[in-house]
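Dumped work17.csv below, it's CSV, C-alpha atoms and all ligand atoms:
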```csv
chain,number,residue,atom,x,y,z
A,1,MET,CA,-14.4,20.6,-11.7
A,2,PHE,CA,-12.8,23.5,-9.8
A,3,LYS,CA,-11.4,21.2,-7.1
A,4,GLY,CA,-9.9,19.0,-9.8
A,5,ALA,CA,-8.3,22.0,-11.5
A,6,VAL,CA,-6.7,23.1,-8.2
A,7,ILE,CA,-5.3,19.7,-7.5
A,8,ARG,CA,-3.9,19.4,-10.9
A,9,LEU,CA,-2.3,22.8,-10.6
A,10,LEU,CA,-0.7,21.9,-7.3
A,11,VAL,CA,0.6,18.7,-8.7
A,12,LEU,CA,2.1,20.5,-11.7
A,13,LEU,CA,3.7,23.1,-9.4
A,14,GLY,CA,5.1,20.3,-7.3
A,15,CYS,CA,6.7,18.7,-10.4
A,16,SER,CA,8.3,21.9,-11.6
A,17,VAL,CA,9.8,22.5,-8.2
A,18,PHE,CA,11.4,19.2,-7.6
A,19,GLY,CA,11.4,17.3,-10.9
A,20,PHE,CA,10.1,13.8,-11.7
A,21,SER,CA,12.5,11.6,-10.0
A,22,ALA,CA,12.1,13.3,-6.7
A,23,HIS,CA,8.6,12.2,-5.7
A,24,SER,CA,8.6,8.4,-5.4
A,25,ALA,CA,8.9,6.2,-2.3
A,26,VAL,CA,8.8,2.5,-2.5
A,27,ILE,CA,7.0,0.9,0.5
A,28,LEU,CA,7.7,-2.7,1.1
A,29,GLN,CA,5.2,-4.9,3.0
A,30,TYR,CA,6.4,-7.9,5.0
A,31,HIS,CA,4.7,-10.3,7.4
A,32,HIS,CA,6.9,-13.1,8.7
A,33,VAL,CA,10.7,-13.3,8.5
A,34,SER,CA,10.9,-17.0,9.2
A,35,GLU,CA,11.3,-20.4,7.6
A,36,ASP,CA,8.5,-22.0,9.8
A,37,THR,CA,5.6,-19.8,8.7
A,38,PRO,CA,3.4,-20.0,5.5
A,39,ALA,CA,5.5,-19.3,2.4
A,40,ILE,CA,2.9,-17.0,0.9
A,41,THR,CA,3.4,-14.4,3.7
A,42,SER,CA,7.0,-15.2,4.6
A,43,VAL,CA,10.6,-14.4,3.6
A,44,SER,CA,13.4,-16.4,5.0
A,45,PRO,CA,15.9,-14.8,7.3
A,46,ALA,CA,18.6,-15.3,4.6
A,47,GLN,CA,16.4,-13.5,2.0
A,48,PHE,CA,15.6,-10.7,4.4
A,49,SER,CA,19.4,-10.2,5.2
A,50,GLU,CA,20.2,-10.2,1.5
A,51,GLN,CA,17.5,-7.6,0.8
A,52,MET,CA,18.7,-5.3,3.6
A,53,GLU,CA,22.3,-5.7,2.4
A,54,TYR,CA,21.2,-4.7,-1.1
A,55,LEU,CA,19.5,-1.6,0.1
A,56,ALA,CA,22.5,-0.6,2.2
A,57,GLU,CA,25.1,-1.3,-0.5
A,58,ASN,CA,23.1,0.5,-3.2
A,59,ASP,CA,22.6,3.7,-1.3
A,60,PHE,CA,18.9,3.5,-0.7
A,61,ILE,CA,17.5,5.9,1.8
A,62,VAL,CA,15.4,3.9,4.2
A,63,THR,CA,12.9,6.3,5.7
A,64,PRO,CA,10.2,6.1,8.4
A,65,LEU,CA,6.8,5.8,6.9
A,66,SER,CA,5.6,8.9,8.8
A,67,GLU,CA,8.2,11.1,7.1
A,68,VAL,CA,7.2,9.9,3.7
A,69,VAL,CA,3.5,10.5,4.5
A,70,ASP,CA,4.4,14.0,5.7
A,71,ALA,CA,6.3,14.7,2.4
A,72,ILE,CA,3.4,13.4,0.3
A,73,LYS,CA,0.9,15.4,2.3
A,74,ASN,CA,2.8,18.6,2.1
A,75,LYS,CA,4.2,18.1,-1.4
A,76,LYS,CA,7.7,18.1,-0.2
A,77,PRO,CA,10.5,16.5,-2.3
A,78,ILE,CA,11.3,12.9,-1.6
A,79,PRO,CA,14.9,11.9,-2.3
A,80,ALA,CA,15.5,9.4,-5.1
A,81,LYS,CA,15.8,5.8,-3.9
A,82,THR,CA,13.6,6.3,-0.8
A,83,ILE,CA,12.4,3.0,0.7
A,84,VAL,CA,10.0,2.3,3.5
A,85,ILE,CA,9.9,-1.0,5.4
A,86,THR,CA,6.6,-2.2,6.9
A,87,PHE,CA,5.4,-5.3,8.6
A,88,ASP,CA,1.8,-6.3,9.0
A,89,ASP,CA,0.2,-8.0,12.0
A,90,GLY,CA,3.1,-7.9,14.5
A,91,TYR,CA,4.5,-11.4,14.5
A,92,GLN,CA,7.2,-12.7,16.8
A,93,SER,CA,9.7,-13.1,14.0
A,94,ILE,CA,9.9,-9.3,13.6
A,95,ALA,CA,11.3,-9.0,17.2
A,96,LYS,CA,13.4,-12.1,17.0
A,97,THR,CA,14.8,-12.1,13.5
A,98,ALA,CA,14.0,-8.9,11.5
A,99,HIS,CA,14.7,-6.3,14.2
A,100,PRO,CA,18.3,-7.3,14.9
A,101,ILE,CA,19.1,-7.1,11.2
A,102,LEU,CA,17.4,-3.8,10.8
A,103,LYS,CA,19.2,-2.5,13.9
A,104,GLU,CA,22.5,-3.5,12.4
A,105,TYR,CA,21.8,-1.3,9.4
A,106,GLY,CA,20.1,1.5,11.4
A,107,PHE,CA,17.0,1.1,9.2
A,108,PRO,CA,13.7,2.4,10.6
A,109,TYR,CA,10.5,0.5,10.0
A,110,THR,CA,6.8,0.4,10.8
A,111,VAL,CA,4.7,-2.4,12.4
A,112,PHE,CA,1.0,-2.4,11.8
A,113,VAL,CA,-0.8,-4.2,14.6
A,114,SER,CA,-4.4,-5.2,15.5
A,115,VAL,CA,-5.2,-4.9,19.2
A,116,GLU,CA,-7.3,-8.0,19.8
A,117,PRO,CA,-4.6,-10.6,18.9
A,118,ILE,CA,-2.2,-8.8,21.2
A,119,GLN,CA,-4.7,-8.6,24.1
A,120,ALA,CA,-5.6,-12.2,23.6
A,121,LYS,CA,-1.9,-13.2,23.6
A,122,TYR,CA,-2.3,-15.2,20.4
A,123,ARG,CA,0.6,-17.6,19.8
A,124,GLY,CA,3.3,-16.0,17.6
A,125,MET,CA,2.2,-12.4,18.1
A,126,MET,CA,4.4,-9.8,19.9
A,127,SER,CA,3.2,-8.4,23.2
A,128,TRP,CA,2.9,-4.7,24.0
A,129,ASP,CA,6.1,-4.9,26.0
A,130,GLU,CA,8.0,-6.2,22.9
A,131,LEU,CA,6.4,-3.6,20.7
A,132,ILE,CA,7.4,-0.9,23.2
A,133,ARG,CA,11.0,-2.2,23.2
A,134,LEU,CA,11.1,-2.1,19.3
A,135,SER,CA,9.6,1.4,19.3
A,136,GLN,CA,12.3,2.6,21.7
A,137,GLU,CA,14.8,1.4,19.1
A,138,GLY,CA,13.2,3.2,16.1
A,139,ALA,CA,10.1,1.3,15.1
A,140,GLU,CA,6.8,3.0,14.4
A,141,ILE,CA,3.7,1.2,15.6
A,142,ALA,CA,0.6,1.9,13.6
A,143,ASN,CA,-3.0,0.8,13.0
A,144,HIS,CA,-4.2,-2.5,11.5
A,145,SER,CA,-7.8,-2.4,12.8
A,146,TRP,CA,-9.1,-3.9,16.1
A,147,GLY,CA,-9.5,-7.5,15.2
A,148,HIS,CA,-8.1,-7.7,11.6
A,149,GLU,CA,-11.6,-7.5,10.1
A,150,HIS,CA,-12.5,-7.4,6.4
A,151,LEU,CA,-13.5,-3.7,6.7
A,152,ILE,CA,-15.8,-3.5,3.7
A,153,ARG,CA,-18.0,-6.4,4.8
A,154,LYS,CA,-21.3,-5.6,6.4
A,155,LEU,CA,-22.6,-7.8,9.2
A,156,GLU,CA,-26.0,-9.5,8.7
A,157,GLY,CA,-28.8,-6.9,8.8
A,158,GLU,CA,-26.4,-4.0,9.2
A,159,SER,CA,-27.4,-0.8,7.4
A,160,GLN,CA,-24.9,1.3,5.4
A,161,ALA,CA,-24.8,3.9,8.2
A,162,GLN,CA,-24.4,1.3,11.0
A,163,TRP,CA,-21.6,-0.4,9.1
A,164,LEU,CA,-19.7,2.8,8.6
A,165,ALA,CA,-20.1,3.9,12.2
A,166,ARG,CA,-18.8,0.5,13.3
A,167,ILE,CA,-15.7,0.8,11.1
A,168,GLU,CA,-15.1,4.3,12.3
A,169,ASP,CA,-15.3,3.2,15.9
A,170,ASN,CA,-13.1,0.3,15.2
A,171,ILE,CA,-10.3,2.4,13.7
A,172,LEU,CA,-10.5,5.2,16.3
A,173,LYS,CA,-10.6,2.7,19.2
A,174,THR,CA,-7.6,0.9,17.8
A,175,GLU,CA,-5.6,4.1,17.4
A,176,GLU,CA,-6.4,5.1,21.0
A,177,GLU,CA,-5.4,1.7,22.4
A,178,ILE,CA,-2.0,1.8,20.4
A,179,SER,CA,-1.5,5.3,21.7
A,180,LYS,CA,-2.2,4.2,25.3
A,181,ALA,CA,0.1,1.3,25.1
A,182,THR,CA,3.0,2.7,23.1
A,183,GLY,CA,2.6,6.5,23.2
A,184,GLN,CA,2.4,6.6,19.4
A,185,SER,CA,-0.4,7.8,17.2
A,186,HIS,CA,0.6,8.2,13.6
A,187,LYS,CA,-2.9,8.0,12.1
A,188,MET,CA,-1.7,5.5,9.5
A,189,LEU,CA,-3.9,2.5,8.8
A,190,ALA,CA,-2.9,-0.6,6.8
A,191,TYR,CA,-6.1,-2.1,5.5
A,192,PRO,CA,-6.4,-5.8,6.6
A,193,TYR,CA,-6.2,-7.9,3.4
A,194,GLY,CA,-5.7,-4.6,1.5
A,195,GLU,CA,-9.5,-4.2,1.3
A,196,TYR,CA,-11.1,-0.7,1.4
A,197,ASN,CA,-13.7,1.3,-0.4
A,198,GLN,CA,-14.6,4.9,-1.1
A,199,GLU,CA,-16.7,5.3,2.0
A,200,ILE,CA,-13.9,4.1,4.2
A,201,GLU,CA,-11.5,6.4,2.4
A,202,SER,CA,-13.7,9.5,3.0
A,203,MET,CA,-14.2,8.6,6.7
A,204,LEU,CA,-10.4,8.2,7.1
A,205,SER,CA,-9.7,11.6,5.4
A,206,GLN,CA,-12.2,13.3,7.8
A,207,HIS,CA,-10.2,12.0,10.7
A,208,GLY,CA,-6.8,12.9,9.2
A,209,PHE,CA,-5.8,9.3,8.6
A,210,VAL,CA,-3.9,7.9,5.7
A,211,GLY,CA,-4.6,4.4,4.4
A,212,LEU,CA,-2.1,1.8,3.0
A,213,GLY,CA,-3.2,-1.0,0.6
A,214,GLN,CA,-1.5,-4.1,-0.7
A,215,GLN,CA,-1.7,-3.1,-4.4
A,216,SER,CA,1.7,-2.8,-5.9
A,217,GLY,CA,3.3,0.4,-7.1
A,218,ALA,CA,5.6,3.2,-5.9
A,219,ALA,CA,3.9,5.8,-3.6
A,220,GLY,CA,4.3,9.5,-4.1
A,221,ILE,CA,2.6,12.8,-4.8
A,222,TYR,CA,0.3,11.2,-7.3
A,223,SER,CA,-1.0,8.5,-4.9
A,224,PRO,CA,-4.3,9.1,-3.0
A,225,LEU,CA,-3.3,9.4,0.7
A,226,THR,CA,-6.0,6.9,1.5
A,227,ALA,CA,-4.8,4.3,-1.0
A,228,LEU,CA,-1.0,4.3,-0.7
A,229,PRO,CA,0.5,1.4,-2.6
A,230,ARG,CA,2.9,-1.2,-1.2
A,231,PHE,CA,4.8,-4.0,-2.7
A,232,PRO,CA,4.2,-7.3,-0.8
A,233,VAL,CA,7.5,-9.1,-0.3
A,234,ALA,CA,6.9,-12.9,0.3
A,235,GLY,CA,6.8,-16.2,-1.4
A,236,VAL,CA,7.5,-15.9,-5.1
A,237,TYR,CA,7.8,-12.1,-4.7
A,238,ALA,CA,10.8,-12.4,-2.3
A,239,LYS,CA,13.5,-13.1,-4.9
A,240,LEU,CA,15.9,-10.2,-5.0
A,241,SER,CA,16.2,-10.4,-8.8
A,242,SER,CA,12.5,-9.4,-9.3
A,243,LEU,CA,12.4,-7.3,-6.1
A,244,LYS,CA,15.2,-5.0,-7.4
A,245,VAL,CA,12.9,-3.7,-10.2
A,246,LYS,CA,10.3,-2.8,-7.7
A,247,MET,CA,12.8,-1.1,-5.4
A,248,HIS,CA,13.8,1.1,-8.3
A,249,SER,CA,10.2,1.8,-9.4
A,250,LEU,CA,8.7,5.3,-9.7
A,251,ASN,CA,5.3,6.8,-8.8
A,252,MET,CA,3.2,6.8,-11.9
A,253,PRO,CA,2.2,10.4,-12.7
A,254,VAL,CA,-1.6,9.9,-12.6
A,255,LEU,CA,-3.4,13.2,-12.9
A,256,ALA,CA,-6.9,11.7,-12.9
A,257,GLN,CA,-8.6,8.4,-13.0
A,258,THR,CA,-12.1,7.0,-13.1
A,259,HIS,CA,-13.4,4.1,-11.0
A,260,SER,CA,-11.0,4.5,-8.0
A,261,ASP,CA,-13.4,2.7,-5.7
A,262,PRO,CA,-12.1,-0.9,-5.4
A,263,GLU,CA,-15.4,-2.3,-4.2
A,264,LEU,CA,-17.3,-3.5,-7.3
A,265,LYS,CA,-21.0,-3.6,-7.2
A,266,ALA,CA,-23.1,-6.3,-9.0
A,267,GLY,CA,-22.8,-6.0,-12.7
A,268,GLN,CA,-19.4,-4.2,-12.6
A,269,TRP,CA,-17.3,-7.3,-12.9
A,270,ARG,CA,-15.3,-6.0,-15.9
A,271,PRO,CA,-14.6,-2.4,-14.7
A,272,GLU,CA,-13.3,0.1,-17.2
A,273,LEU,CA,-10.5,2.1,-15.8
A,274,ARG,CA,-9.5,5.4,-17.5
A,275,VAL,CA,-6.2,6.9,-16.5
A,276,THR,CA,-4.9,10.4,-17.4
A,277,LEU,CA,-1.1,10.8,-17.1
A,278,ASP,CA,1.5,13.4,-17.3
A,279,MET,CA,3.3,12.0,-20.3
A,280,SER,CA,6.5,14.2,-20.1
A,281,ASP,CA,8.7,11.2,-19.0
A,282,ILE,CA,6.8,8.3,-20.6
A,283,TYR,CA,6.4,7.0,-24.2
A,284,PRO,CA,2.8,6.0,-24.7
A,285,HIS,CA,3.7,2.8,-26.7
A,286,GLN,CA,5.8,1.6,-23.7
A,287,ILE,CA,2.9,1.5,-21.2
A,288,MET,CA,1.9,-2.1,-20.6
A,289,CYS,CA,-1.0,-3.3,-18.4
A,290,PHE,CA,-1.8,-6.6,-16.8
A,291,ILE,CA,-5.2,-7.9,-15.7
A,292,GLN,CA,-4.7,-10.3,-12.8
A,293,GLY,CA,-5.6,-13.8,-14.0
A,294,GLN,CA,-6.1,-12.6,-17.6
A,295,GLY,CA,-2.5,-11.6,-18.6
A,296,ALA,CA,-1.0,-8.6,-20.5
A,297,LYS,CA,-3.3,-6.0,-22.0
A,298,LYS,CA,-2.4,-3.1,-24.2
A,299,PRO,CA,-4.0,0.1,-23.1
A,300,LEU,CA,-6.5,1.7,-25.4
A,301,TRP,CA,-5.6,5.4,-26.0
A,302,LEU,CA,-8.5,7.8,-25.8
A,303,SER,CA,-6.3,10.9,-26.2
A,304,ALA,CA,-2.6,11.9,-26.1
A,305,ASN,CA,-2.6,11.4,-22.3
A,306,GLU,CA,-5.6,9.3,-21.4
A,307,PHE,CA,-5.9,5.6,-21.8
A,308,SER,CA,-8.5,2.9,-20.8
A,309,ILE,CA,-8.2,-0.7,-19.8
A,310,ARG,CA,-10.8,-3.2,-19.1
A,311,ALA,CA,-10.9,-6.9,-18.3
A,312,GLU,CA,-12.0,-9.3,-21.1
A,313,PHE,CA,-13.7,-11.6,-18.7
A,314,ASP,CA,-15.5,-11.1,-15.4
A,315,LEU,CA,-13.1,-10.6,-12.5
A,316,PRO,CA,-13.5,-13.4,-9.9
A,317,ALA,CA,-15.0,-13.1,-6.5
A,318,GLY,CA,-12.4,-11.8,-4.0
A,319,ARG,CA,-9.5,-9.5,-4.7
A,320,SER,CA,-7.8,-8.8,-8.1
A,321,ARG,CA,-5.9,-6.0,-9.7
A,322,TYR,CA,-5.1,-4.1,-12.8
A,323,ASN,CA,-1.3,-3.2,-13.0
A,324,CYS,CA,0.3,-0.8,-15.5
A,325,THR,CA,4.0,0.0,-15.9
A,326,ALA,CA,6.1,2.1,-18.2
A,327,PRO,CA,9.9,2.7,-18.2
A,328,SER,CA,11.0,6.3,-17.7
A,329,LYS,CA,12.4,7.9,-20.8
A,330,GLY,CA,15.8,8.1,-19.1
A,331,GLY,CA,15.7,4.5,-18.1
A,332,THR,CA,16.1,5.2,-14.4
A,333,GLY,CA,13.2,2.9,-13.4
A,334,TYR,CA,9.6,1.8,-14.1
A,335,TYR,CA,6.6,3.9,-13.4
A,336,TRP,CA,4.3,1.5,-11.6
A,337,PHE,CA,0.6,1.8,-10.9
A,338,SER,CA,-2.0,-0.6,-9.6
A,339,GLN,CA,-5.7,-0.5,-9.1
A,340,PRO,CA,-7.1,-3.1,-6.6
A,341,TRP,CA,-10.6,-4.6,-7.0
A,342,VAL,CA,-12.7,-6.6,-4.6
A,343,ARG,CA,-16.0,-8.2,-5.2
A,344,ALA,CA,-18.5,-10.5,-3.5
A,345,LYS,CA,-19.8,-13.7,-5.0
A,346,ASP,CA,-22.9,-13.6,-7.3
A,347,ASP,CA,-25.2,-14.3,-4.4
A,348,GLY,CA,-23.8,-11.3,-2.4
A,349,THR,CA,-21.8,-13.4,0.1
A,350,TRP,CA,-18.1,-13.1,0.4
A,351,ILE,CA,-15.5,-15.8,-0.2
A,352,GLU,CA,-14.3,-17.5,3.0
A,353,GLU,CA,-10.7,-16.8,4.1
B,401,ZN,ZN,-2.8,-8.2,8.3
```

Let me see whether you can do it: turn the structure in this file into structure tokens.
Ligand SMILES: [Zn+2]
Amino acid sequence: MFKGAVIRLLVLLGCSVFGFSAHSAVILQYHHVSEDTPAITSVSPAQFSEQMEYLAENDFIVTPLSEVVDAIKNKKPIPAKTIVITFDDGYQSIAKTAHPILKEYGFPYTVFVSVEPIQAKYRGMMSWDELIRLSQEGAEIANHSWGHEHLIRKLEGESQAQWLARIEDNILKTEEEISKATGQSHKMLAYPYGEYNQEIESMLSQHGFVGLGQQSGAAGIYSPLTALPRFPVAGVYAKLSSLKVKMHSLNMPVLAQTHSDPELKAGQWRPELRVTLDMSDIYPHQIMCFIQGQGAKKPLWLSANEFSIRAEFDLPAGRSRYNCTAPSKGGTGYYWFSQPWVRAKDDGTWIEE
């Protein structure tokens, strides 16, 4: 109770100091920039060039992720139109195709890497030497787990304590190896597959790490530091026409929420999410939510600033999301918020991927 009140006061103080528009950063998540890789995780070189040109011509401020994290941590203002560019996994096309384009614009970016694929020299992955070269020209290299594991999944016969100790060791070992190879240690983890749970979030916080998901939304002072949202840019989400709206999106002013743990336990397949907002820049009737796979859903208002949404049908095994958006009163952009979910199959096993 007391802790909640203090957090809320800090947030309100933050807002009065730097206003509503000055607290959002849109973090883009890429994998491949290539025409020869799976469309679902790729943008073409032409699309990537077009997107970078759009950012440059429209005065976006492309900022290193570590600076945005520092601003959110310390409640410092974030300039309007702040964008962060990130790549997951460390594929060759970053060095070959994306880097020269980013260099041309002077845009910083972050690459999240797993150690095992680099050490095993998997085809299509960058080497440490290449990552070092990129980092010397402005790239941040950060943590994507040791072997790109599904972090929330327990091994057979593993206890809760054994599982958490294994994940803790995995993340710390990866950070140490990245630091040894590149000299960088930003303590920023991009969750493989965007999967995390409350226990992993607490463990990361204890070690001073931040965590980045794959749920959409603008990041900012209202985002949990262990669940920073990113907009995946690939496949059908790579079109500039729809991407523009995301680039201009704003951090939803969430003051409190229930059910922030994405990992659903048996019997929770239609989770109710209650969200309390600062309504000063939002008209309640303009908030619209979407349940992945179940379409649009009007929020149910419980009070002047608290609403509830809940799936009509069971969420499927695997990952899904609730998304809520609302235009700002001034029409400068859409407040955008997403809650990820992940669940096992009915027999307790996980879907194969
Ligand atoms: Zn990945």

Students should find that CA of Cys324 (chain A) and CA of Met279 (chain A) are spaced 14.0 Å

Determine, for each residue of chain A having at least one atom at most 8 Å from an atom of ligand ZN 401 (chain B), the closest pair of atoms and their separation in Å to one decimal, counting only C-alpha atoms and all ligand atoms; order by chain and ascending number, as a Markdown table.
```
| residue | atom | partner | partner_atom | distance |
| --- | --- | --- | --- | --- |
| A:His31 | CA | B:ZN401 | ZN | 7.8 |
| A:Asp88 | CA | B:ZN401 | ZN | 5.0 |
| A:Asp89 | CA | B:ZN401 | ZN | 4.8 |
| A:Phe112 | CA | B:ZN401 | ZN | 7.8 |
| A:Val113 | CA | B:ZN401 | ZN | 7.7 |
| A:Ser114 | CA | B:ZN401 | ZN | 8.0 |
| A:His144 | CA | B:ZN401 | ZN | 6.7 |
| A:His148 | CA | B:ZN401 | ZN | 6.3 |
| A:Ala190 | CA | B:ZN401 | ZN | 7.7 |
| A:Tyr191 | CA | B:ZN401 | ZN | 7.5 |
| A:Pro192 | CA | B:ZN401 | ZN | 4.6 |
| A:Tyr193 | CA | B:ZN401 | ZN | 6.0 |
```

With all atoms listed in the file counted, which protein, DNA or RNA residues have an atom no more than 12 Å from (20.4, -12.3, 6.5) in the file frame? Please answer as an NGL selection string. :A and (33-34 or 43-54 or 97-102 or 104-105)

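Here CA of Pro232 (chain A) and CA of Gly213 (chain A) stand 9.8 Å from one another.
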
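Here CA of Thr110 (chain A) stands at a distance of 4.4 Å from CA of Glu140 (chain A).
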